[in-house]
file entry-v1.pdb (PDB, C-alpha atoms)
ATOM      1  CA  MET X   1      14.202   5.537   8.560
ATOM      2  CA  GLY X   2      15.111   8.813  10.189
ATOM      3  CA  GLU X   3      13.868  12.201  11.203
ATOM      4  CA  TYR X   4      15.614  15.395  10.141
ATOM      5  CA  THR X   5      15.589  18.920  11.479
ATOM      6  CA  ALA X   6      17.744  22.039  11.366
ATOM      7  CA  LYS X   7      19.267  23.148  14.656
ATOM      8  CA  PRO X   8      20.684  26.529  15.754
ATOM      9  CA  ASN X   9      24.009  27.802  14.451
ATOM     10  CA  LEU X  10      27.125  26.022  15.631
ATOM     11  CA  PRO X  11      29.301  28.442  17.634
ATOM     12  CA  GLY X  12      31.923  30.160  15.512
ATOM     13  CA  LEU X  13      31.225  28.190  12.333
ATOM     14  CA  GLY X  14      28.214  30.018  10.939
ATOM     15  CA  LEU X  15      26.867  26.625   9.845
ATOM     16  CA  ARG X  16      23.702  24.837  10.804
ATOM     17  CA  ARG X  17      23.450  21.205  11.793
ATOM     18  CA  LEU X  18      21.232  18.782   9.991
ATOM     19  CA  LEU X  19      20.241  16.294  12.639
ATOM     20  CA  PHE X  20      20.038  12.657  11.548
ATOM     21  CA  LEU X  21      18.104  10.488  13.961
ATOM     22  CA  LYS X  22      18.701   6.858  13.173
ATOM     23  CA  LEU X  23      15.836   5.092  14.870
ATOM     24  CA  THR X  24      17.028   1.929  16.545
ATOM     25  CA  PRO X  25      15.441  -0.361  19.148
ATOM     26  CA  MET X  26      17.791   1.102  21.762
ATOM     27  CA  GLY X  27      17.145   4.716  20.647
ATOM     28  CA  LYS X  28      20.813   5.676  20.213
ATOM     29  CA  VAL X  29      22.028   9.271  20.297
ATOM     30  CA  PRO X  30      21.538  11.082  16.948
ATOM     31  CA  THR X  31      24.460  12.014  14.726
ATOM     32  CA  SER X  32      24.750  15.649  13.618
ATOM     33  CA  LEU X  33      25.468  16.147   9.939
ATOM     34  CA  ILE X  34      27.245  19.403   9.165
ATOM     35  CA  GLY X  35      26.151  20.989   5.925
ATOM     36  CA  HIS X  36      23.665  23.706   5.134
ATOM     37  CA  ALA X  37      24.611  27.293   5.915
ATOM     38  CA  ARG X  38      20.916  28.127   6.422
ATOM     39  CA  SER X  39      17.656  26.227   6.902
ATOM     40  CA  ALA X  40      17.280  22.687   5.616
ATOM     41  CA  THR X  41      14.014  22.817   3.664
ATOM     42  CA  PHE X  42      13.551  19.320   2.233
ATOM     43  CA  VAL X  43      14.972  15.797   2.407
ATOM     44  CA  ALA X  44      14.404  12.737   0.225
ATOM     45  CA  PHE X  45      15.720   9.177   0.188
ATOM     46  CA  SER X  46      17.067   7.540  -2.972
ATOM     47  CA  PRO X  47      15.017   4.560  -4.211
ATOM     48  CA  ASN X  48      17.642   2.088  -2.931
ATOM     49  CA  ARG X  49      17.743   3.921   0.435
ATOM     50  CA  SER X  50      21.557   4.094   0.513
ATOM     51  CA  VAL X  51      21.685   7.855  -0.048
ATOM     52  CA  PHE X  52      19.512  10.756   0.978
ATOM     53  CA  ALA X  53      19.497  14.283  -0.321
ATOM     54  CA  SER X  54      18.940  17.471   1.639
ATOM     55  CA  ALA X  55      18.076  20.857   0.199
ATOM     56  CA  GLY X  56      18.127  24.230   1.810
ATOM     57  CA  SER X  57      17.543  27.925   1.790
ATOM     58  CA  ASP X  58      21.266  28.231   1.015
ATOM     59  CA  GLY X  59      20.379  27.090  -2.532
ATOM     60  CA  LYS X  60      22.350  23.850  -2.333
ATOM     61  CA  ILE X  61      21.533  20.154  -2.529
ATOM     62  CA  ARG X  62      23.729  17.750  -0.615
ATOM     63  CA  LEU X  63      23.904  13.966  -0.923
ATOM     64  CA  TRP X  64      24.625  11.946   2.221
ATOM     65  CA  ASN X  65      25.453   8.305   2.914
ATOM     66  CA  VAL X  66      22.582   6.948   5.022
ATOM     67  CA  VAL X  67      24.738   4.506   7.005
ATOM     68  CA  THR X  68      27.822   6.620   7.731
ATOM     69  CA  GLY X  69      26.398  10.155   7.504
ATOM     70  CA  GLU X  70      29.276  11.082   5.166
ATOM     71  CA  LEU X  71      28.683  14.048   2.852
ATOM     72  CA  LEU X  72      29.092  12.559  -0.628
ATOM     73  CA  LEU X  73      28.442  15.511  -2.930
ATOM     74  CA  THR X  74      27.315  19.130  -2.924
ATOM     75  CA  PHE X  75      25.497  20.240  -6.074
ATOM     76  CA  PRO X  76      26.127  23.610  -7.749
ATOM     77  CA  LYS X  77      24.211  26.411  -6.082
ATOM     78  CA  HIS X  78      20.719  27.276  -7.292
ATOM     79  CA  PRO X  79      20.104  31.027  -7.607
ATOM     80  CA  LYS X  80      17.368  30.884  -4.942
ATOM     81  CA  TRP X  81      16.038  28.658  -2.151
ATOM     82  CA  ILE X  82      15.223  25.052  -2.966
ATOM     83  CA  TYR X  83      11.680  24.190  -1.912
ATOM     84  CA  SER X  84      11.438  20.548  -2.980
ATOM     85  CA  ILE X  85      13.468  17.616  -4.291
ATOM     86  CA  ALA X  86      12.681  14.164  -5.664
ATOM     87  CA  PHE X  87      14.762  11.236  -6.876
ATOM     88  CA  SER X  88      13.918   9.570 -10.172
ATOM     89  CA  PRO X  89      12.778   5.936  -9.826
ATOM     90  CA  ASP X  90      16.166   4.657 -11.087
ATOM     91  CA  GLY X  91      17.969   6.877  -8.550
ATOM     92  CA  ARG X  92      20.286   8.452 -11.139
ATOM     93  CA  THR X  93      18.567  11.833 -11.357
ATOM     94  CA  ILE X  94      17.235  14.334  -8.874
ATOM     95  CA  ALA X  95      14.704  17.064  -9.606
ATOM     96  CA  SER X  96      14.450  20.228  -7.551
ATOM     97  CA  GLY X  97      11.959  23.068  -7.378
ATOM     98  CA  SER X  98      13.313  26.542  -6.804
ATOM     99  CA  TRP X  99      12.015  30.059  -7.434
ATOM    100  CA  MET X 100      10.313  29.724 -10.845
ATOM    101  CA  GLU X 101      12.460  26.907 -12.215
ATOM    102  CA  VAL X 102      12.656  23.147 -12.077
ATOM    103  CA  TYR X 103      16.184  21.738 -12.150
ATOM    104  CA  ILE X 104      17.040  18.222 -13.282
ATOM    105  CA  SER X 105      20.483  17.076 -12.123
ATOM    106  CA  ASP X 106      22.734  14.032 -12.395
ATOM    107  CA  ILE X 107      23.467  12.612  -8.928
ATOM    108  CA  THR X 108      26.935  11.322  -9.838
ATOM    109  CA  THR X 109      28.241  14.779 -10.831
ATOM    110  CA  GLY X 110      25.665  17.131  -9.306
ATOM    111  CA  LYS X 111      25.550  19.002 -12.614
ATOM    112  CA  HIS X 112      22.247  20.352 -13.867
ATOM    113  CA  THR X 113      21.285  18.469 -17.031
ATOM    114  CA  ALA X 114      18.214  20.631 -17.643
ATOM    115  CA  ILE X 115      16.514  23.714 -16.259
ATOM    116  CA  ARG X 116      12.800  24.008 -16.980
ATOM    117  CA  THR X 117      10.933  27.305 -16.856
ATOM    118  CA  GLY X 118       7.221  27.913 -17.123
ATOM    119  CA  HIS X 119       6.024  28.690 -13.620
ATOM    120  CA  THR X 120       5.564  32.310 -12.580
ATOM    121  CA  ARG X 121       5.981  31.761  -8.835
ATOM    122  CA  VAL X 122       7.762  29.426  -6.392
ATOM    123  CA  VAL X 123       7.870  25.728  -7.334
ATOM    124  CA  ASN X 124       6.672  23.997  -4.139
ATOM    125  CA  CYS X 125       6.717  20.361  -5.212
ATOM    126  CA  VAL X 126       8.225  18.000  -7.765
ATOM    127  CA  ALA X 127       7.542  14.292  -8.364
ATOM    128  CA  PHE X 128       8.603  11.731 -10.944
ATOM    129  CA  SER X 129       6.168   9.299 -12.529
ATOM    130  CA  PRO X 130       6.811   5.629 -11.659
ATOM    131  CA  ASP X 131       8.522   5.033 -15.036
ATOM    132  CA  GLY X 132      10.697   8.171 -14.620
ATOM    133  CA  ARG X 133       9.719   9.593 -18.012
ATOM    134  CA  THR X 134       7.530  12.393 -16.669
ATOM    135  CA  LEU X 135       8.160  14.983 -13.985
ATOM    136  CA  ALA X 136       5.310  16.942 -12.387
ATOM    137  CA  SER X 137       5.878  20.314 -10.734
ATOM    138  CA  GLY X 138       3.428  22.352  -8.686
ATOM    139  CA  SER X 139       3.711  26.039  -7.975
ATOM    140  CA  ASN X 140       2.290  28.964  -5.999
ATOM    141  CA  ASP X 141       1.075  30.235  -9.367
ATOM    142  CA  SER X 142      -1.739  27.628  -9.035
ATOM    143  CA  THR X 143      -0.411  25.477 -11.874
ATOM    144  CA  ILE X 144       0.886  21.970 -12.272
ATOM    145  CA  LEU X 145       3.213  21.370 -15.193
ATOM    146  CA  LEU X 146       4.132  17.962 -16.621
ATOM    147  CA  TRP X 147       7.581  17.701 -18.162
ATOM    148  CA  LYS X 148       9.053  15.035 -20.411
ATOM    149  CA  VAL X 149      12.376  13.936 -18.894
ATOM    150  CA  PRO X 150      14.464  15.285 -20.541
ATOM    151  CA  GLY X 151      12.284  17.469 -22.701
ATOM    152  CA  LYS X 152       9.595  20.084 -22.887
ATOM    153  CA  VAL X 153       6.249  20.701 -21.224
ATOM    154  CA  LEU X 154       3.803  17.869 -21.866
ATOM    155  CA  ARG X 155       0.764  19.442 -20.266
ATOM    156  CA  ASP X 156       0.052  22.765 -18.582
ATOM    157  CA  SER X 157      -2.833  22.958 -16.094
ATOM    158  CA  ARG X 158      -3.582  26.627 -16.922
TER     159      ARG X 158
END
call {"tool": "encode", "arguments": {"input": "entry-v1.pdb", "output": "structure tokens"}}
result
Amino acid sequence: MGEYTAKPNLPGLGLRRLLFLKLTPMGKVPTSLIGHARSATFVAFSPNRSVFASAGSDGKIRLWNVVTGELLLTFPKHPKWIYSIAFSPDGRTIASGSWMEVYISDITTGKHTAIRTGHTRVVNCVAFSPDGRTLASGSNDSTILLWKVPGKVLRDSR
């Protein structure tokens, strides 16, 4: 397990550090992971715990190797901040909540396989069902939408 936080700009690089604290019995010094140009807003571990994803106000999702800290992949930029991310139970897909959209992306390519619209405000949270067939999204518009993966809205809480 680890703890993650954004730190001040690195001199001359205009980048922020994502701090990865690998908790060990000896409490070793944390490793800085260079990545997001602005605030890191959310992190999530893959189901097999070998990879974690970070999202930020720079509109990008990055995949990292948990053991080495290596940056594995940067997804295409979202038009706005990313407020939440979640891995599917099989670990092959990641969902992200942005301004008024929910993005579903393949983790091997980073490409968006679907973009779901229906919220009228920021999407604050996303979560997959245990079987991975349904995605729930919650928004500042006071709604929760259930999406078939891939597919259309199953249920709207309005």
call {"tool": "resolve_selection", "arguments": {"input": "entry-v1.pdb", "expression": "the PyMOL selection byres ((chain X and resi 126-135) around 12)", "output": "PyMOL selection string"}}
result
chain X and resi 42+44+47+82-98+101-104+116+122-125+136-139+144-155
call {"tool": "closest_residue", "arguments": {"input": "entry-v1.pdb", "among": "X:Met100, X:Ala40, X:Ala114, X:Leu72", "to": "X:Ser54", "atoms": "only C-alpha atoms"}}
result
X:Ala40
call {"tool": "axis_aligned_box", "arguments": {"input": "entry-v1.pdb", "around": "stretch 77-82 of chain X", "padding_each_side": "5 Å", "output": "AutoDock Vina command-line options"}}
result
--center_x 19.7 --center_y 28.0 --center_z -4.9 --size_x 19.0 --size_y 16.0 --size_z 15.5
call {"tool": "atom_distance", "arguments": {"input": "entry-v1.pdb", "atom1": "atom CA of X:Lys77", "atom2": "atom CA of X:Lys60"}}
result
4.9 Å
call {"tool": "atom_distance", "arguments": {"input": "entry-v1.pdb", "atom1": "atom CA of X:Trp81", "atom2": "atom CA of X:Arg62"}}
result
13.4 Å
call {"tool": "atom_distance", "arguments": {"input": "entry-v1.pdb", "atom1": "atom CA of X:Thr143", "atom2": "atom CA of X:Phe52"}}
result
27.9 Å
call {"tool": "closest_residue", "arguments": {"input": "entry-v1.pdb", "among": "X:Pro79, X:Glu70, X:Ser142, X:Ile61", "to": "X:Ser105", "atoms": "only C-alpha atoms"}}
result
X:Ile61
call {"tool": "build_atoms", "arguments": {"input": "entry-v1.pdb", "residues": "stretch 90-105 of chain X", "atoms": "N, CA and C atoms", "output": "compact mmCIF listing (two decimals), keeping the file's coordinate frame"}}
result
# COMPACT_ATOMS: atom_id res chain seq x y z
N ASP X 90 14.91 5.41 -10.94
CA ASP X 90 16.17 4.66 -11.09
C ASP X 90 17.28 5.20 -10.18
N GLY X 91 17.01 6.32 -9.50
CA GLY X 91 17.97 6.88 -8.55
C GLY X 91 19.14 7.61 -9.16
N ARG X 92 19.15 7.81 -10.48
CA ARG X 92 20.29 8.45 -11.14
C ARG X 92 20.11 9.96 -11.33
N THR X 93 18.90 10.43 -11.11
CA THR X 93 18.57 11.83 -11.36
C THR X 93 17.81 12.38 -10.16
N ILE X 94 18.01 13.67 -9.91
CA ILE X 94 17.24 14.33 -8.87
C ILE X 94 16.64 15.60 -9.48
N ALA X 95 15.37 15.85 -9.16
CA ALA X 95 14.70 17.06 -9.61
C ALA X 95 14.55 17.98 -8.40
N SER X 96 14.61 19.27 -8.64
CA SER X 96 14.45 20.23 -7.55
C SER X 96 13.61 21.41 -8.02
N GLY X 97 12.79 21.89 -7.11
CA GLY X 97 11.96 23.07 -7.38
C GLY X 97 12.54 24.26 -6.65
N SER X 98 12.73 25.34 -7.38
CA SER X 98 13.31 26.54 -6.80
C SER X 98 12.35 27.70 -7.03
N TRP X 99 12.87 28.88 -7.31
CA TRP X 99 12.02 30.06 -7.43
C TRP X 99 10.95 29.85 -8.52
N MET X 100 11.28 29.97 -9.77
CA MET X 100 10.31 29.72 -10.84
C MET X 100 10.81 28.63 -11.78
N GLU X 101 11.85 27.91 -11.36
CA GLU X 101 12.46 26.91 -12.22
C GLU X 101 12.40 25.52 -11.59
N VAL X 102 12.49 24.54 -12.48
CA VAL X 102 12.66 23.15 -12.08
C VAL X 102 14.01 22.72 -12.63
N TYR X 103 14.86 22.19 -11.76
CA TYR X 103 16.18 21.74 -12.15
C TYR X 103 16.19 20.22 -12.19
N ILE X 104 16.83 19.66 -13.19
CA ILE X 104 17.04 18.22 -13.28
C ILE X 104 18.56 18.03 -13.27
N SER X 105 19.04 17.21 -12.33
CA SER X 105 20.48 17.08 -12.12
C SER X 105 20.91 15.62 -12.04
